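Asks: TSV, C-alpha atoms, saved as data12.tsv, coming up:
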```
chain	number	residue	atom	x	y	z
A	1424	ASP	CA	-36.40	15.92	-12.61
A	1425	THR	CA	-32.91	17.10	-11.68
A	1426	ALA	CA	-31.23	14.54	-9.43
A	1427	VAL	CA	-28.65	16.69	-7.62
A	1428	SER	CA	-29.10	20.41	-7.93
A	1429	GLN	CA	-26.93	23.12	-6.50
A	1430	THR	CA	-27.24	26.91	-6.49
A	1431	PRO	CA	-25.88	29.26	-7.44
A	1432	LYS	CA	-24.02	28.04	-10.51
A	1433	TYR	CA	-21.76	31.09	-10.47
A	1434	LEU	CA	-20.76	33.22	-7.51
A	1435	VAL	CA	-18.42	36.21	-7.61
A	1436	THR	CA	-17.63	37.94	-4.34
A	1437	GLN	CA	-15.05	39.99	-2.49
A	1438	MET	CA	-12.48	38.73	-0.03
A	1439	GLY	CA	-13.73	38.65	3.53
A	1440	ASN	CA	-17.37	38.08	2.61
A	1441	ASP	CA	-19.48	35.17	3.81
A	1442	LYS	CA	-21.36	33.09	1.24
A	1443	SER	CA	-23.43	29.93	1.02
A	1444	ILE	CA	-23.97	27.30	-1.67
A	1445	LYS	CA	-27.09	25.18	-1.50
A	1446	CYS	CA	-27.51	21.57	-2.57
A	1447	GLU	CA	-30.57	19.37	-2.85
A	1448	GLN	CA	-30.96	15.76	-4.04
A	1449	ASN	CA	-34.22	14.02	-4.90
A	1450	LEU	CA	-32.71	10.53	-5.22
A	1451	GLY	CA	-33.46	9.44	-1.68
A	1452	HIS	CA	-29.77	8.87	-0.99
A	1453	ASP	CA	-28.46	8.61	2.54
A	1454	THR	CA	-25.09	10.23	2.01
A	1455	MET	CA	-24.16	13.64	0.62
A	1456	TYR	CA	-20.81	15.22	-0.06
A	1457	TRP	CA	-19.07	18.44	-0.91
A	1458	TYR	CA	-16.07	18.34	-3.22
A	1459	LYS	CA	-13.70	21.12	-4.27
A	1460	GLN	CA	-12.22	21.05	-7.78
A	1461	ASP	CA	-9.16	23.23	-8.18
A	1462	SER	CA	-7.71	24.78	-11.32
A	1463	LYS	CA	-5.89	21.54	-12.09
A	1464	LYS	CA	-9.23	19.72	-12.15
A	1465	PHE	CA	-8.47	17.59	-9.08
A	1466	LEU	CA	-11.60	16.70	-7.10
A	1467	LYS	CA	-10.91	16.78	-3.38
A	1468	ILE	CA	-13.44	15.72	-0.80
A	1469	MET	CA	-14.33	18.30	1.81
A	1470	PHE	CA	-17.18	16.73	3.74
A	1471	SER	CA	-19.26	13.60	3.80
A	1472	TYR	CA	-22.55	13.64	5.67
A	1473	ASN	CA	-25.22	11.03	6.25
A	1474	ASN	CA	-28.03	10.50	8.67
A	1475	LYS	CA	-25.71	9.33	11.33
A	1476	GLU	CA	-22.49	11.17	11.01
A	1477	LEU	CA	-20.71	14.23	9.69
A	1478	ILE	CA	-17.19	13.40	8.53
A	1479	ILE	CA	-14.95	16.43	8.39
A	1480	ASN	CA	-11.83	16.34	6.31
A	1481	GLU	CA	-9.12	17.68	8.53
A	1482	THR	CA	-7.53	19.68	5.73
A	1483	VAL	CA	-10.63	21.85	5.39
A	1484	PRO	CA	-10.36	25.20	7.24
A	1485	ASN	CA	-13.01	25.75	9.86
A	1486	ARG	CA	-14.23	28.72	7.80
A	1487	PHE	CA	-16.11	26.06	5.85
A	1488	SER	CA	-19.17	24.63	7.57
A	1489	PRO	CA	-21.72	22.19	6.14
A	1490	LYS	CA	-25.30	22.37	7.28
A	1491	SER	CA	-27.88	19.68	6.65
A	1492	PRO	CA	-31.45	20.63	7.55
A	1493	ASP	CA	-32.65	17.20	6.36
A	1494	LYS	CA	-31.47	14.15	4.45
A	1495	ALA	CA	-32.09	15.74	1.06
A	1496	HIS	CA	-30.16	18.94	1.63
A	1497	LEU	CA	-26.54	19.75	2.37
A	1498	ASN	CA	-25.54	23.38	2.24
A	1499	LEU	CA	-22.03	24.78	2.40
A	1500	HIS	CA	-21.36	28.01	4.23
A	1501	ILE	CA	-18.03	29.77	3.87
A	1502	ASN	CA	-16.90	32.56	6.20
A	1503	SER	CA	-14.24	35.19	5.54
A	1504	LEU	CA	-13.63	34.17	1.94
A	1505	GLU	CA	-10.03	34.11	0.71
A	1506	LEU	CA	-8.55	34.22	-2.78
A	1507	GLY	CA	-7.56	30.56	-2.48
A	1508	ASP	CA	-11.18	29.59	-2.03
A	1509	SER	CA	-11.80	30.28	-5.72
A	1510	ALA	CA	-12.72	26.93	-7.27
A	1511	VAL	CA	-15.64	24.88	-8.49
A	1512	TYR	CA	-17.55	23.24	-5.66
A	1513	PHE	CA	-19.47	20.06	-6.41
A	1514	CYS	CA	-22.22	18.56	-4.34
A	1515	ALA	CA	-22.79	14.82	-4.67
A	1516	SER	CA	-24.93	12.11	-3.16
A	1517	SER	CA	-24.70	8.34	-3.05
A	1518	PRO	CA	-26.77	5.39	-1.88
A	1519	LEU	CA	-25.27	3.30	0.91
A	1520	ASN	CA	-25.46	0.03	-1.03
A	1521	THR	CA	-23.49	0.97	-4.18
A	1522	GLY	CA	-21.54	4.08	-3.31
A	1523	GLU	CA	-21.97	5.47	-6.83
A	1524	LEU	CA	-21.60	9.22	-6.69
A	1525	PHE	CA	-24.18	11.41	-8.38
A	1526	PHE	CA	-22.84	14.91	-8.86
A	1527	GLY	CA	-24.47	18.27	-9.25
A	1528	GLU	CA	-23.42	20.61	-12.03
A	1529	GLY	CA	-21.01	22.54	-9.83
A	1530	SER	CA	-20.87	26.04	-8.39
A	1531	ARG	CA	-18.00	28.20	-9.63
A	1532	LEU	CA	-16.85	30.51	-6.85
A	1533	THR	CA	-14.59	33.44	-7.72
A	1534	VAL	CA	-13.13	35.49	-4.89
A	1535	LEU	CA	-11.78	38.89	-5.92
B	565	LYS	CA	-2.15	5.94	2.46
B	566	ASN	CA	-4.81	5.32	-0.18
B	567	GLN	CA	-3.77	6.69	-3.56
B	568	VAL	CA	-4.98	6.57	-7.15
B	569	GLU	CA	-2.58	7.45	-9.96
B	570	GLN	CA	-3.74	8.01	-13.55
B	571	SER	CA	-1.83	8.20	-16.79
B	572	PRO	CA	-1.42	9.90	-19.10
B	573	GLN	CA	-2.28	13.28	-17.64
B	574	SER	CA	-3.54	14.40	-21.04
B	575	LEU	CA	-4.07	12.81	-24.42
B	576	ILE	CA	-4.89	14.12	-27.87
B	577	ILE	CA	-6.18	11.76	-30.55
B	578	LEU	CA	-7.90	11.96	-33.91
B	579	GLU	CA	-11.56	11.15	-34.28
B	580	GLY	CA	-12.11	7.48	-35.00
B	581	LYS	CA	-8.95	6.31	-33.25
B	582	ASN	CA	-8.82	4.13	-30.16
B	583	CYS	CA	-7.12	5.01	-26.89
B	584	THR	CA	-6.44	3.51	-23.47
B	585	LEU	CA	-6.28	5.29	-20.14
B	586	GLN	CA	-4.53	3.80	-17.13
B	587	CYS	CA	-5.25	3.79	-13.41
B	588	ASN	CA	-3.09	2.35	-10.61
B	589	TYR	CA	-4.30	2.29	-7.03
B	590	THR	CA	-3.20	1.40	-3.53
B	591	VAL	CA	-6.63	1.55	-1.85
B	592	SER	CA	-7.10	-1.26	0.64
B	593	PRO	CA	-9.27	-3.08	1.45
B	594	PHE	CA	-10.71	-2.79	-2.03
B	595	SER	CA	-14.42	-2.60	-2.74
B	596	ASN	CA	-14.87	-1.26	-6.24
B	597	LEU	CA	-13.38	0.95	-8.93
B	598	ARG	CA	-15.34	3.36	-11.06
B	599	TRP	CA	-14.51	5.39	-14.11
B	600	TYR	CA	-16.24	8.75	-14.34
B	601	LYS	CA	-16.49	11.05	-17.33
B	602	GLN	CA	-16.53	14.78	-16.70
B	603	ASP	CA	-17.50	17.03	-19.58
B	604	THR	CA	-16.33	20.64	-19.43
B	605	GLY	CA	-18.53	22.67	-17.11
B	606	ARG	CA	-20.46	19.63	-15.89
B	607	GLY	CA	-20.31	17.25	-12.96
B	608	PRO	CA	-18.71	13.79	-13.33
B	609	VAL	CA	-20.93	10.92	-14.45
B	610	SER	CA	-20.23	7.25	-13.77
B	611	LEU	CA	-19.30	5.15	-16.83
B	612	THR	CA	-18.49	1.76	-15.33
B	613	ILE	CA	-18.03	0.02	-12.01
B	614	MET	CA	-15.62	-2.85	-11.44
B	615	THR	CA	-15.72	-5.10	-8.39
B	616	PHE	CA	-13.01	-7.46	-7.18
B	617	SER	CA	-14.21	-10.44	-9.20
B	618	GLU	CA	-14.70	-8.63	-12.49
B	619	ASN	CA	-12.00	-8.44	-15.16
B	620	THR	CA	-13.76	-6.65	-17.98
B	621	LYS	CA	-16.89	-4.59	-18.36
B	622	SER	CA	-18.18	-2.71	-21.37
B	623	ASN	CA	-20.48	0.27	-21.73
B	624	GLY	CA	-20.93	0.95	-25.42
B	625	ARG	CA	-17.58	2.06	-26.84
B	626	TYR	CA	-16.05	2.15	-23.36
B	627	THR	CA	-14.40	-1.00	-21.99
B	628	ALA	CA	-12.90	-1.09	-18.51
B	629	THR	CA	-10.53	-3.76	-17.26
B	630	LEU	CA	-9.40	-4.57	-13.75
B	631	ASP	CA	-6.44	-6.57	-12.46
B	632	ALA	CA	-7.00	-6.78	-8.72
B	633	ASP	CA	-3.68	-8.54	-8.18
B	634	THR	CA	-1.58	-5.76	-9.66
B	635	LYS	CA	-4.12	-3.11	-8.63
B	636	GLN	CA	-4.43	-1.71	-12.12
B	637	SER	CA	-7.35	-0.69	-14.27
B	638	SER	CA	-7.66	0.60	-17.79
B	639	LEU	CA	-10.38	2.34	-19.77
B	640	HIS	CA	-10.34	1.65	-23.49
B	641	ILE	CA	-12.28	3.91	-25.82
B	642	THR	CA	-13.02	2.50	-29.26
B	643	ALA	CA	-13.67	4.55	-32.39
B	644	SER	CA	-13.44	7.84	-30.56
B	645	GLN	CA	-15.93	10.61	-31.22
B	646	LEU	CA	-15.68	14.36	-30.66
B	647	SER	CA	-18.08	13.99	-27.73
B	648	ASP	CA	-15.53	11.79	-25.97
B	649	SER	CA	-13.47	14.91	-25.27
B	650	ALA	CA	-13.62	15.14	-21.50
B	651	SER	CA	-11.76	14.38	-18.31
B	652	TYR	CA	-11.83	10.72	-17.25
B	653	ILE	CA	-11.49	10.12	-13.54
B	654	CYS	CA	-10.66	6.84	-11.82
B	655	VAL	CA	-12.26	6.50	-8.37
B	656	VAL	CA	-11.54	3.63	-5.98
B	657	SER	CA	-13.71	2.88	-2.96
B	658	PRO	CA	-12.65	0.94	0.12
B	659	SER	CA	-14.83	-1.67	1.75
B	660	GLY	CA	-16.39	-1.10	5.14
B	661	GLY	CA	-16.03	1.96	7.32
B	662	SER	CA	-16.99	5.35	6.02
B	663	TYR	CA	-16.94	4.33	2.32
B	664	ILE	CA	-15.05	7.49	1.31
B	665	PRO	CA	-13.70	6.99	-2.23
B	666	THR	CA	-10.24	8.05	-3.39
B	667	PHE	CA	-10.05	10.06	-6.61
B	668	GLY	CA	-7.38	10.07	-9.27
B	669	ARG	CA	-6.37	13.36	-10.86
B	670	GLY	CA	-7.97	12.43	-14.14
B	671	THR	CA	-6.86	12.13	-17.76
B	672	SER	CA	-7.85	14.98	-20.04
B	673	LEU	CA	-8.79	13.57	-23.44
B	674	ILE	CA	-9.15	15.76	-26.51
B	675	VAL	CA	-10.52	14.26	-29.70
B	676	HIS	CA	-9.75	16.25	-32.84
B	677	PRO	CA	-11.74	15.98	-36.08
```
Please rewrite the model in this file as structure tokens.
Replies:
Amino acid sequence: DTAVSQTPKYLVTQMGNDKSIKCEQNLGHDTMYWYKQDSKKFLKIMFSYNNKELIINETVPNRFSPKSPDKAHLNLHINSLELGDSAVYFCASSPLNTGELFFGEGSRLTVL
Amino acid sequence: KNQVEQSPQSLIILEGKNCTLQCNYTVSPFSNLRWYKQDTGRGPVSLTIMTFSENTKSNGRYTATLDADTKQSSLHITASQLSDSASYICVVSPSGGSYIPTFGRGTSLIVHP
């Protein structure tokens, strides 16, 4: 009965590789997000996506691309991984009426 | 520019003691303010939500306050327990538009036995 689930939980890869993180929510929410949490624990929004619109944070490199096959899924694909991409990536979803964020457990990406 | 500032950055207290965390924001127009608790290795979980008309709201040993005039909020933890050790994040959402919330950097709380 997991609400927001993301896989994999841990990902270790070499610089220059391409990787994807998957996210699924079974809450029926309209909006999904990807957040990046750096070593100082600051959560920074990367993307917000709902049925109508994809909002791209302009500080996110275009190596990062979200893909949403349907309302319940928002995957994150990263091309040409760099050392600075190492972080914990959190998927979240929220209903339109309250805006409360429901987070997944995070995916720790380590780029060597 | 919308900003959320939290203090202190970190806090260490003894089990059973009380503590108060602070949050100042400049998000406008204001819709609501939430406090999230993030345990180590987990995703954040919402503790309380405060809207413009609310001054105080409690959730067990957690009590949040909001002063919309001074744009300040506090989270008071009573009779702390070891399980309260976590990062507490203040998140402020604007009204209308894209509804993208602004996050504070969090307060790291450690409760020692």
Asks: Could you please tell me, as an MDAnalysis selection string, which residues of chain B have an atom within 9 Å of chain A when using all atoms listed in the file?
Replies: chainID B and resid 598 605:610 613 651 657 662:670
Asks: May I have the residues within 8 Å of Tyr652 in chain B as a ChimeraX atom specification, using all atoms listed in the file and disregarding those fewer than 4 positions away in the same chain?
Replies: /B:599-602,670-673
Asks: So, counting all atoms listed in the file, which residue among B:Gln586, B:Gln645, B:Asn596, B:Ser637 is closest to Ser574 in chain B?
Replies: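 Distance minimum relative to Ser574 in chain B lands on B:Gln586.
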Asks: Calculated over all atoms listed in the file, which of the candidates B:Leu578, B:Val591, B:Leu585, B:Val675 has the smallest distance to His640 in chain B?
Replies: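 Closest to His640 in chain B, using all atoms listed in the file: B:Leu585.
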Asks: Could you give me, as an NGL selection string, the residues within 12 Å of Lys1494 in chain A, counting all atoms listed in the file and dropping anything in the same chain fewer than 3 positions from it?
Replies: :A and (1446-1456 or 1472-1477 or 1490-1491 or 1497-1498 or 1516-1518)
Asks: For CA of Lys565 in chain B and CA of Thr615 in chain B, determine how far apart the two atoms are, in Å to one decimal place.
Replies: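 The value is 20.6 Å.
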Asks: Between A:Gln1460, A:Ser1443, A:Asn1520, A:Ser1509, single out the one closest to Ser1488 in chain A, counting all atoms listed in the file.
Replies: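 For Ser1488 in chain A, the nearest of the candidates is A:Ser1443.
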Asks: Could you get me a file of range 597-608 of chain B with all heavy atoms, as a short mmCIF file (atom, residue, chain, number, x, y, z; two decimals), in the first residue's frame, taken from the block above?
Replies:
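Done, and the output landed in part_8.cif:
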```
data_model
loop_
_atom_site.label_atom_id
_atom_site.label_comp_id
_atom_site.auth_asym_id
_atom_site.auth_seq_id
_atom_site.Cartn_x
_atom_site.Cartn_y
_atom_site.Cartn_z
N LEU B 597 1.35 27.31 5.25
CA LEU B 597 2.69 26.97 5.73
C LEU B 597 2.62 25.59 6.36
O LEU B 597 1.73 25.32 7.18
CB LEU B 597 3.18 28.00 6.75
CG LEU B 597 4.59 27.84 7.34
CD1 LEU B 597 5.16 29.21 7.67
CD2 LEU B 597 4.61 26.94 8.55
N ARG B 598 3.54 24.75 5.98
CA ARG B 598 3.59 23.40 6.54
C ARG B 598 4.94 23.16 7.20
O ARG B 598 5.96 23.67 6.76
CB ARG B 598 3.42 22.35 5.43
CG ARG B 598 2.05 22.31 4.81
CD ARG B 598 1.96 21.18 3.80
NE ARG B 598 0.72 21.21 3.06
CZ ARG B 598 -0.40 20.66 3.47
NH1 ARG B 598 -0.41 20.00 4.61
NH2 ARG B 598 -1.49 20.73 2.74
N TRP B 599 4.90 22.37 8.26
CA TRP B 599 6.11 21.83 8.84
C TRP B 599 6.19 20.35 8.48
O TRP B 599 5.23 19.61 8.66
CB TRP B 599 6.10 22.00 10.36
CG TRP B 599 6.37 23.39 10.82
CD1 TRP B 599 5.46 24.37 11.10
CD2 TRP B 599 7.67 23.96 11.07
NE1 TRP B 599 6.10 25.51 11.49
CE2 TRP B 599 7.45 25.29 11.49
CE3 TRP B 599 8.97 23.49 10.98
CZ2 TRP B 599 8.50 26.16 11.82
CZ3 TRP B 599 10.01 24.34 11.32
CH2 TRP B 599 9.79 25.66 11.73
N TYR B 600 7.35 19.96 7.96
CA TYR B 600 7.60 18.57 7.63
C TYR B 600 8.69 18.03 8.54
O TYR B 600 9.62 18.75 8.92
CB TYR B 600 8.07 18.42 6.17
CG TYR B 600 7.00 18.58 5.13
CD1 TYR B 600 6.57 19.85 4.73
CD2 TYR B 600 6.40 17.48 4.53
CE1 TYR B 600 5.59 20.01 3.76
CE2 TYR B 600 5.42 17.63 3.55
CZ TYR B 600 5.03 18.90 3.17
OH TYR B 600 4.05 19.05 2.22
N LYS B 601 8.59 16.73 8.84
CA LYS B 601 9.63 16.05 9.58
C LYS B 601 10.29 15.04 8.65
O LYS B 601 9.60 14.27 7.98
CB LYS B 601 9.03 15.30 10.79
CG LYS B 601 10.05 14.53 11.60
CD LYS B 601 9.38 13.67 12.67
CE LYS B 601 10.42 12.88 13.46
NZ LYS B 601 9.80 11.89 14.37
N GLN B 602 11.62 15.10 8.58
CA GLN B 602 12.34 14.15 7.75
C GLN B 602 13.29 13.33 8.60
O GLN B 602 14.31 13.84 9.10
CB GLN B 602 13.12 14.84 6.63
CG GLN B 602 13.80 13.86 5.69
CD GLN B 602 14.54 14.51 4.53
OE1 GLN B 602 14.85 15.69 4.55
NE2 GLN B 602 14.82 13.72 3.49
N ASP B 603 12.96 12.07 8.81
CA ASP B 603 13.86 11.16 9.50
C ASP B 603 15.01 10.79 8.57
O ASP B 603 14.87 10.83 7.33
CB ASP B 603 13.13 9.88 9.91
CG ASP B 603 12.08 10.13 10.98
OD1 ASP B 603 12.40 10.87 11.94
OD2 ASP B 603 10.96 9.61 10.87
N THR B 604 16.14 10.42 9.16
CA THR B 604 17.32 10.06 8.37
C THR B 604 17.00 8.93 7.42
O THR B 604 16.45 7.91 7.82
CB THR B 604 18.48 9.67 9.30
OG1 THR B 604 18.77 10.77 10.17
CG2 THR B 604 19.71 9.32 8.50
N GLY B 605 17.33 9.13 6.14
CA GLY B 605 17.12 8.08 5.15
C GLY B 605 15.68 7.92 4.69
O GLY B 605 15.36 6.96 3.99
N ARG B 606 14.81 8.85 5.08
CA ARG B 606 13.41 8.76 4.68
C ARG B 606 12.99 10.05 3.97
O ARG B 606 13.71 11.05 3.95
CB ARG B 606 12.52 8.57 5.92
CG ARG B 606 12.91 7.43 6.83
CD ARG B 606 12.75 6.08 6.16
NE ARG B 606 11.39 5.76 5.83
CZ ARG B 606 10.53 5.17 6.66
NH1 ARG B 606 10.89 4.88 7.89
NH2 ARG B 606 9.29 4.89 6.25
N GLY B 607 11.80 10.02 3.38
CA GLY B 607 11.26 11.22 2.79
C GLY B 607 10.54 12.06 3.83
O GLY B 607 10.11 11.54 4.85
N PRO B 608 10.41 13.37 3.61
CA PRO B 608 9.71 14.24 4.56
C PRO B 608 8.23 13.85 4.68
O PRO B 608 7.62 13.42 3.71
CB PRO B 608 9.86 15.63 3.95
CG PRO B 608 11.01 15.53 3.01
CD PRO B 608 10.99 14.13 2.50
#
```
